>>> print(open('model20.cif').read())   # mmCIF, C-alpha atoms and all ligand atoms
data_my_file
loop_
_atom_site.label_atom_id
_atom_site.label_comp_id
_atom_site.auth_asym_id
_atom_site.auth_seq_id
_atom_site.Cartn_x
_atom_site.Cartn_y
_atom_site.Cartn_z
CA MET F 6 11.71 -28.60 -7.90
CA GLY F 7 11.62 -27.03 -4.43
CA PHE F 8 14.75 -25.63 -2.82
CA ASP F 9 15.81 -23.75 0.30
CA VAL F 10 17.92 -20.62 -0.16
CA GLY F 11 19.10 -21.03 3.44
CA GLN F 12 20.84 -24.27 2.50
CA PHE F 13 22.76 -22.68 -0.39
CA SER F 14 26.52 -22.83 -0.61
CA LEU F 15 28.82 -22.18 -3.56
CA GLY F 16 30.08 -25.75 -3.32
CA LEU F 17 26.71 -26.96 -4.54
CA PHE F 18 27.59 -25.78 -8.06
CA LYS F 19 30.39 -28.34 -8.22
CA GLN F 20 28.39 -30.99 -6.40
CA LEU F 21 25.42 -30.66 -8.76
CA GLN F 22 27.70 -30.27 -11.82
CA VAL F 23 26.34 -26.84 -12.72
CA ALA F 24 28.84 -24.38 -14.23
CA TYR F 25 29.21 -21.21 -12.16
CA PRO F 26 29.12 -18.04 -14.33
CA HIS F 27 31.27 -15.16 -13.09
CA SER F 28 28.39 -12.83 -13.90
CA LEU F 29 27.01 -14.05 -10.54
CA ASP F 30 30.07 -12.88 -8.57
CA LYS F 31 28.34 -9.79 -7.23
CA ALA F 32 24.88 -11.36 -6.95
CA VAL F 33 23.13 -11.89 -3.63
CA THR F 34 22.76 -15.42 -2.24
CA LYS F 35 19.10 -15.66 -3.30
CA ARG F 36 20.02 -14.97 -6.95
CA LYS F 37 22.86 -17.50 -6.90
CA ALA F 38 20.55 -20.14 -5.40
CA GLU F 39 17.82 -19.44 -7.97
CA PHE F 40 20.28 -19.64 -10.86
CA LEU F 41 21.68 -22.92 -9.54
CA ALA F 42 18.21 -24.42 -9.08
CA GLY F 43 17.10 -23.32 -12.54
CA ARG F 44 20.19 -24.68 -14.28
CA TYR F 45 20.04 -27.90 -12.27
CA VAL F 46 16.44 -28.69 -13.24
CA ALA F 47 17.22 -27.70 -16.84
CA GLN F 48 20.19 -30.09 -16.97
CA GLN F 49 18.03 -32.83 -15.44
CA ALA F 50 15.37 -32.15 -18.08
CA LEU F 51 18.00 -32.38 -20.84
CA LYS F 52 19.05 -35.77 -19.47
CA GLU F 53 15.47 -36.92 -20.11
CA LEU F 54 16.21 -36.17 -23.76
CA CYS F 55 19.51 -38.09 -23.41
CA ILE F 56 21.47 -34.85 -23.74
CA GLU F 57 24.34 -34.20 -21.31
CA VAL F 58 25.90 -30.73 -21.31
CA GLU F 59 28.77 -29.22 -19.35
CA GLN F 60 26.86 -25.98 -19.06
CA ILE F 61 23.86 -24.04 -20.28
CA ALA F 62 25.63 -20.74 -20.77
CA VAL F 63 24.11 -17.32 -20.19
CA GLY F 64 23.30 -15.42 -23.40
CA PRO F 65 23.82 -11.68 -23.93
CA SER F 66 20.25 -10.90 -22.87
CA ARG F 67 20.32 -13.36 -19.96
CA ASN F 68 18.73 -15.95 -22.24
CA PRO F 69 19.92 -19.52 -21.65
CA LEU F 70 22.04 -20.84 -24.53
CA TRP F 71 20.59 -24.28 -25.25
CA PRO F 72 22.22 -27.00 -27.33
CA THR F 73 21.52 -26.28 -31.02
CA GLU F 74 18.91 -29.02 -31.40
CA VAL F 75 16.97 -27.91 -28.31
CA VAL F 76 14.44 -25.26 -27.27
CA GLY F 77 13.91 -24.61 -23.60
CA ALA F 78 12.88 -22.26 -20.84
CA ILE F 79 13.67 -21.77 -17.16
CA THR F 80 11.67 -20.10 -14.40
CA HIS F 81 12.18 -19.76 -10.66
CA THR F 82 11.15 -18.02 -7.49
CA HIS F 83 13.02 -18.07 -4.17
CA GLN F 84 11.59 -21.54 -3.42
CA ARG F 85 10.86 -23.36 -6.66
CA ALA F 86 12.47 -23.83 -10.05
CA PHE F 87 11.06 -25.30 -13.25
CA ALA F 88 12.48 -25.99 -16.70
CA ALA F 89 10.98 -27.20 -19.95
CA VAL F 90 13.02 -28.54 -22.85
CA ALA F 91 12.17 -30.17 -26.18
CA LEU F 92 13.82 -31.10 -29.42
CA LYS F 93 13.36 -28.45 -32.11
CA GLN F 94 12.04 -31.12 -34.43
CA HIS F 95 9.07 -31.49 -32.07
CA ILE F 96 8.58 -28.00 -30.65
CA ARG F 97 9.41 -24.69 -32.31
CA TYR F 98 8.54 -22.21 -29.55
CA LEU F 99 8.76 -23.13 -25.86
CA GLY F 100 8.07 -20.78 -22.97
CA LEU F 101 7.54 -21.42 -19.28
CA ASP F 102 6.86 -19.10 -16.37
CA HIS F 103 6.06 -19.36 -12.67
CA GLU F 104 4.65 -16.48 -10.63
CA ILE F 105 3.61 -16.12 -7.02
CA TRP F 106 0.12 -14.59 -6.87
CA ILE F 107 0.37 -10.82 -6.99
CA GLU F 108 -1.21 -8.98 -4.03
CA SER F 109 -4.34 -6.94 -4.72
CA ALA F 110 -2.69 -3.57 -3.97
CA THR F 111 0.33 -4.37 -6.16
CA ALA F 112 -1.97 -5.47 -8.98
CA LYS F 113 -3.60 -2.03 -9.03
CA ASP F 114 -0.17 -0.36 -9.16
CA ILE F 115 1.33 -2.39 -12.00
CA LYS F 116 -1.63 -3.39 -14.15
CA SER F 117 -1.27 -0.57 -16.68
CA SER F 118 2.22 -1.69 -17.71
CA LEU F 119 1.13 -5.32 -18.16
CA ILE F 120 -2.35 -5.30 -19.68
CA SER F 121 -4.61 -3.12 -21.82
CA THR F 122 -7.86 -1.64 -20.58
CA THR F 123 -9.71 -4.21 -22.74
CA GLU F 124 -7.87 -7.01 -20.94
CA GLU F 125 -8.57 -5.37 -17.59
CA ASP F 126 -12.28 -5.14 -18.39
CA TYR F 127 -12.31 -8.79 -19.41
CA LEU F 128 -10.48 -9.95 -16.26
CA ASN F 129 -13.07 -8.12 -14.19
CA THR F 130 -15.82 -10.28 -15.72
CA THR F 131 -14.22 -13.63 -14.86
CA GLN F 132 -14.78 -15.87 -11.85
CA TRP F 133 -11.30 -15.06 -10.49
CA PRO F 134 -10.31 -12.09 -8.32
CA PHE F 135 -8.69 -9.45 -10.54
CA GLU F 136 -5.21 -9.88 -9.02
CA ARG F 137 -5.22 -13.59 -9.81
CA GLY F 138 -6.29 -13.00 -13.39
CA LEU F 139 -3.58 -10.36 -13.70
CA THR F 140 -0.94 -12.76 -12.36
CA LEU F 141 -2.04 -15.43 -14.81
CA LEU F 142 -1.97 -13.06 -17.76
CA PHE F 143 1.39 -11.62 -16.68
CA SER F 144 2.80 -15.13 -16.48
CA ALA F 145 1.33 -16.10 -19.86
CA LYS F 146 2.98 -13.06 -21.45
CA GLU F 147 6.32 -13.87 -19.81
CA SER F 148 6.04 -17.41 -21.18
CA LEU F 149 5.38 -15.95 -24.63
CA PHE F 150 8.37 -13.63 -24.28
CA LYS F 151 10.68 -16.53 -23.41
CA ALA F 152 9.23 -18.65 -26.23
CA LEU F 153 9.73 -15.99 -28.89
CA PHE F 154 12.89 -14.25 -27.68
CA ILE F 155 15.30 -16.46 -29.57
CA GLU F 156 13.60 -15.48 -32.84
CA VAL F 157 12.75 -11.85 -32.03
CA GLY F 158 16.19 -11.16 -30.56
CA ARG F 159 15.13 -8.14 -28.50
CA TYR F 160 12.85 -7.16 -25.68
CA PHE F 161 9.24 -6.59 -26.57
CA ASP F 162 6.45 -5.12 -24.56
CA PHE F 163 3.63 -6.66 -22.54
CA LEU F 164 1.16 -4.80 -24.74
CA ASP F 165 2.63 -6.41 -27.89
CA ALA F 166 0.42 -9.41 -27.11
CA GLU F 167 -3.15 -9.53 -25.87
CA LEU F 168 -5.44 -12.11 -24.39
CA GLN F 169 -7.60 -13.70 -27.06
CA ASP F 170 -9.11 -16.54 -25.07
CA LEU F 171 -9.07 -17.93 -21.52
CA CYS F 172 -10.80 -21.08 -20.31
CA PHE F 173 -10.85 -21.93 -16.60
CA ASN F 174 -12.26 -25.41 -17.29
CA THR F 175 -9.51 -26.59 -19.63
CA HIS F 176 -6.81 -24.37 -18.05
CA THR F 177 -5.91 -22.96 -21.45
CA PHE F 178 -5.32 -19.51 -22.88
CA THR F 179 -4.52 -17.93 -26.21
CA LEU F 180 -2.43 -14.80 -26.72
CA LYS F 181 -2.50 -12.79 -29.95
CA LEU F 182 0.29 -10.53 -31.20
CA THR F 183 -0.84 -6.90 -31.50
CA THR F 184 2.18 -5.87 -33.57
CA ASP F 185 4.63 -7.31 -36.09
CA LEU F 186 7.65 -8.63 -34.16
CA THR F 187 9.44 -10.17 -37.16
CA PRO F 188 8.39 -10.93 -40.77
CA GLN F 189 7.17 -14.34 -39.50
CA LEU F 190 5.78 -13.28 -36.14
CA VAL F 191 3.15 -10.87 -37.37
CA LYS F 192 0.23 -9.01 -35.85
CA GLY F 193 -2.73 -11.35 -35.33
CA ARG F 194 -0.66 -14.50 -34.90
CA CYS F 195 -1.99 -16.57 -31.99
CA PHE F 196 -0.18 -18.71 -29.44
CA ALA F 197 -2.04 -21.19 -27.27
CA GLY F 198 -0.84 -22.17 -23.81
CA ARG F 199 -1.80 -23.97 -20.64
CA PHE F 200 -1.76 -23.07 -16.97
CA GLN F 201 -1.85 -24.76 -13.59
CA TYR F 202 -2.00 -23.20 -10.15
CA ASP F 203 -2.19 -23.78 -6.44
CA GLU F 204 -2.78 -21.57 -3.42
CA SER F 205 0.60 -19.85 -3.75
CA SER F 206 1.37 -19.54 -7.43
CA VAL F 207 0.60 -20.11 -11.09
CA GLN F 208 2.62 -21.70 -13.88
CA THR F 209 2.10 -21.15 -17.60
CA LEU F 210 3.48 -23.08 -20.55
CA ILE F 211 3.50 -22.32 -24.25
CA ALA F 212 4.69 -25.15 -26.50
CA ILE F 213 4.07 -24.66 -30.21
CA GLU F 214 4.80 -27.39 -32.74
CA PRO F 215 6.74 -26.57 -35.94
C1 LIG B 1 13.28 -12.04 -18.79
C2 LIG B 1 12.00 -12.23 -18.02
C3 LIG B 1 10.94 -12.82 -18.96
C4 LIG B 1 12.22 -13.18 -16.83
O1 LIG B 1 11.06 -13.42 -16.14
P1 LIG B 1 10.99 -13.33 -14.52
O2 LIG B 1 9.57 -13.59 -14.12
O3 LIG B 1 11.64 -12.08 -14.09
O4 LIG B 1 11.87 -14.49 -13.98
P2 LIG B 1 11.70 -16.08 -14.22
O5 LIG B 1 12.22 -16.74 -13.01
O6 LIG B 1 10.34 -16.45 -14.65
O7 LIG B 1 12.67 -16.34 -15.42
C5 LIG B 1 14.04 -16.13 -15.25
C6 LIG B 1 14.72 -16.94 -16.30
O8 LIG B 1 14.27 -16.55 -17.60
C7 LIG B 1 15.31 -16.83 -18.51
N1 LIG B 1 15.51 -15.66 -19.34
C8 LIG B 1 16.02 -14.47 -18.97
N2 LIG B 1 16.08 -13.66 -20.03
C9 LIG B 1 15.59 -14.35 -21.06
C10 LIG B 1 15.43 -14.05 -22.42
N3 LIG B 1 15.78 -12.85 -22.92
N4 LIG B 1 14.91 -14.99 -23.23
C11 LIG B 1 14.58 -16.22 -22.74
N5 LIG B 1 14.73 -16.57 -21.45
C12 LIG B 1 15.23 -15.63 -20.64
C13 LIG B 1 16.56 -17.15 -17.70
O9 LIG B 1 16.77 -18.54 -17.74
C14 LIG B 1 16.19 -16.68 -16.33
O10 LIG B 1 16.77 -17.41 -15.28
P3 LIG B 1 18.37 -17.35 -15.04
O11 LIG B 1 18.77 -15.92 -15.20
O12 LIG B 1 18.54 -17.88 -13.66
O13 LIG B 1 18.94 -18.22 -16.12
C15 LIG B 1 11.47 -10.89 -17.47
O14 LIG B 1 12.32 -10.43 -16.44
C16 LIG B 1 11.39 -9.77 -18.49
O15 LIG B 1 12.34 -9.05 -18.70
N6 LIG B 1 10.22 -9.56 -19.11
C17 LIG B 1 10.01 -8.39 -19.95
C18 LIG B 1 9.64 -8.73 -21.32
C19 LIG B 1 8.31 -9.41 -21.41
O16 LIG B 1 8.03 -10.35 -20.69
N7 LIG B 1 7.45 -8.95 -22.32
C20 LIG B 1 6.15 -9.56 -22.53
C21 LIG B 1 5.95 -9.81 -23.99
S1 LIG B 1 4.29 -10.31 -24.34
#
>>> encode(input="model20.cif", output="structure tokens")
Amino acid sequence: MGFDVGQFSLGLFKQLQVAYPHSLDKAVTKRKAEFLAGRYVAQQALKELCIEVEQIAVGPSRNPLWPTEVVGAITHTHQRAFAAVALKQHIRYLGLDHEIWIESATAKDIKSSLISTTEEDYLNTTQWPFERGLTLLFSAKESLFKALFIEVGRYFDFLDAELQDLCFNTHTFTLKLTTDLTPQLVKGRCFAGRFQYDESSVQTLIAIEP
């Protein structure tokens, strides 16, 4: 869903039936607008599952607190918000991320905290400019983080997963854990995902069945 930060007002929370968390009291307008847009699309997505909630509360690590039978993920920039939700009986891990393409100079500055040298070498062999490949892989890893967070229960690093496979024809990727995150989420476990993109941004989705 697209939105315009310039049109934001606090009254929209009530109008759109999104609960306002006091943790936003000191936030800038852009942050309030992004939160509102994210929660609004998430609540709309829940309605598609015939689930109405008064609020999707904010968890202790900023993670959305979904209804018990649901998995979900939210992502937003200053202009667009997306949410994905599913019933746990259908999907076990669900992650979604949206990133504006990273500039070439920024990519050089931040690449070492996001990808390994093996991943960097691989991205340099693909048909995409390096900064686009980096954005895609960054987004894929953020999707994986959101998908697994509820089970891992703590932050984990971008180098705790690595690119196993990437196909530009089918718009699919696979990430592999490089470390044991939990007794179930062990080194070597793979997670497949999909991506779509346009001139301004890329979106990634990981949805793993039980
Ligand atoms: C939390 C994080 C994933 C958010 O990503 P982002 O690109 O900054 O922002 P996005 O718009 O895509 O996502 C923001 C939304 O993610 C959700 N989110 C935040 N923390 C979360 C968590 N711990 N678990 C699940 N979802 C979370 C929230 O819904 C948030 O929006 P809200 O605060 O308005 O509710 C990111 O800031 C982060 O900390 N990443 C570091 C850990 C990581 O990704 N490791 C890679 C492992 S392979």
>>> residues_around(input="model20.cif", residues="Tyr160 of chain F", least_positions_apart="6", cutoff="9 Å", atoms="all atoms listed in the file", output="VMD selection string")
chain F and resid 66 150 154
>>> residues_near_ligand(input="model20.cif", ligand="ligand LIG 1 (chain B)", cutoff="9 Å", atoms="all atoms listed in the file", output="ChimeraX atom specification")
/F:36-44,61-70,77-83,86-88,100-104,119,143-155,158-167,180,182
>>> closest_residue(input="model20.cif", among="F:Val75, F:Val58, F:Phe196, F:Gln84", to="Asp9 of chain F", atoms="all atoms listed in the file")
F:Gln84
>>> axis_aligned_box(input="model20.cif", around="segment 34-50 of chain F", padding_each_side="8 Å", output="JSON")
{"center_x": 19.1, "center_y": -23.9, "center_z": -10.2, "size_x": 23.5, "size_y": 33.9, "size_z": 31.8}
>>> residues_around(input="model20.cif", residues="Thr123 of chain F", least_positions_apart="4", cutoff="12 Å", atoms="all atoms listed in the file", output="MDAnalysis selection string")
chainID F and resid 116:117 119 127:130 164 167:169
>>> closest_residue(input="model20.cif", among="F:Ile96, F:Ala32, F:Ala110, F:Ile120", to="Leu142 of chain F", atoms="all atoms listed in the file")
F:Ile120
>>> atom_distance(input="model20.cif", atom1="atom CA of Val76 of chain F", atom2="atom CA of Glu53 of chain F")
13.7 Å
>>> atom_distance(input="model20.cif", atom1="atom CA of Ala89 of chain F", atom2="atom CA of Ala47 of chain F")
7.0 Å
>>> residues_around(input="model20.cif", residues="Trp106 of chain F", least_positions_apart="4", cutoff="9 Å", atoms="all atoms listed in the file", output="number ranges by chain")
F: 136-137, 139-141, 204-207
>>> residues_around(input="model20.cif", residues="Pro188 of chain F", least_positions_apart="6", cutoff="12 Å", atoms="all atoms listed in the file", output="list in words")
Glu156, Val157 and Arg194 of chain F
>>> atom_distance(input="model20.cif", atom1="atom CA of Ala24 of chain F", atom2="atom CA of Gln49 of chain F")
13.8 Å
>>> closest_residue(input="model20.cif", among="F:Val33, F:Val46, F:Ile115, F:Leu51", to="Leu21 of chain F", atoms="all atoms listed in the file")
F:Val46
>>> closest_residue(input="model20.cif", among="F:Gln60, F:Val90, F:Ala50, F:Met6", to="Pro26 of chain F", atoms="only C-alpha atoms")
F:Gln60
>>> closest_residue(input="model20.cif", among="F:Asp114, F:Glu108, F:Asp203, F:Glu124", to="Lys181 of chain F", atoms="all atoms listed in the file")
F:Glu124
>>> residues_around(input="model20.cif", residues="Thr177 of chain F", least_positions_apart="4", cutoff="6 Å", atoms="all atoms listed in the file", output="mmCIF file with C-alpha atoms, in the coordinates of the input")
data_model
loop_
_atom_site.group_PDB
_atom_site.id
_atom_site.type_symbol
_atom_site.label_atom_id
_atom_site.label_comp_id
_atom_site.auth_asym_id
_atom_site.auth_seq_id
_atom_site.Cartn_x
_atom_site.Cartn_y
_atom_site.Cartn_z
ATOM 1 C CA LEU F 171 -9.070 -17.930 -21.520
ATOM 2 C CA CYS F 172 -10.800 -21.080 -20.310
ATOM 3 C CA GLY F 198 -0.840 -22.170 -23.810
ATOM 4 C CA ARG F 199 -1.800 -23.970 -20.640
#
>>> closest_residue(input="model20.cif", among="F:Gly16, F:Gln48, F:Phe200, F:Val10", to="Thr34 of chain F", atoms="only C-alpha atoms")
F:Val10
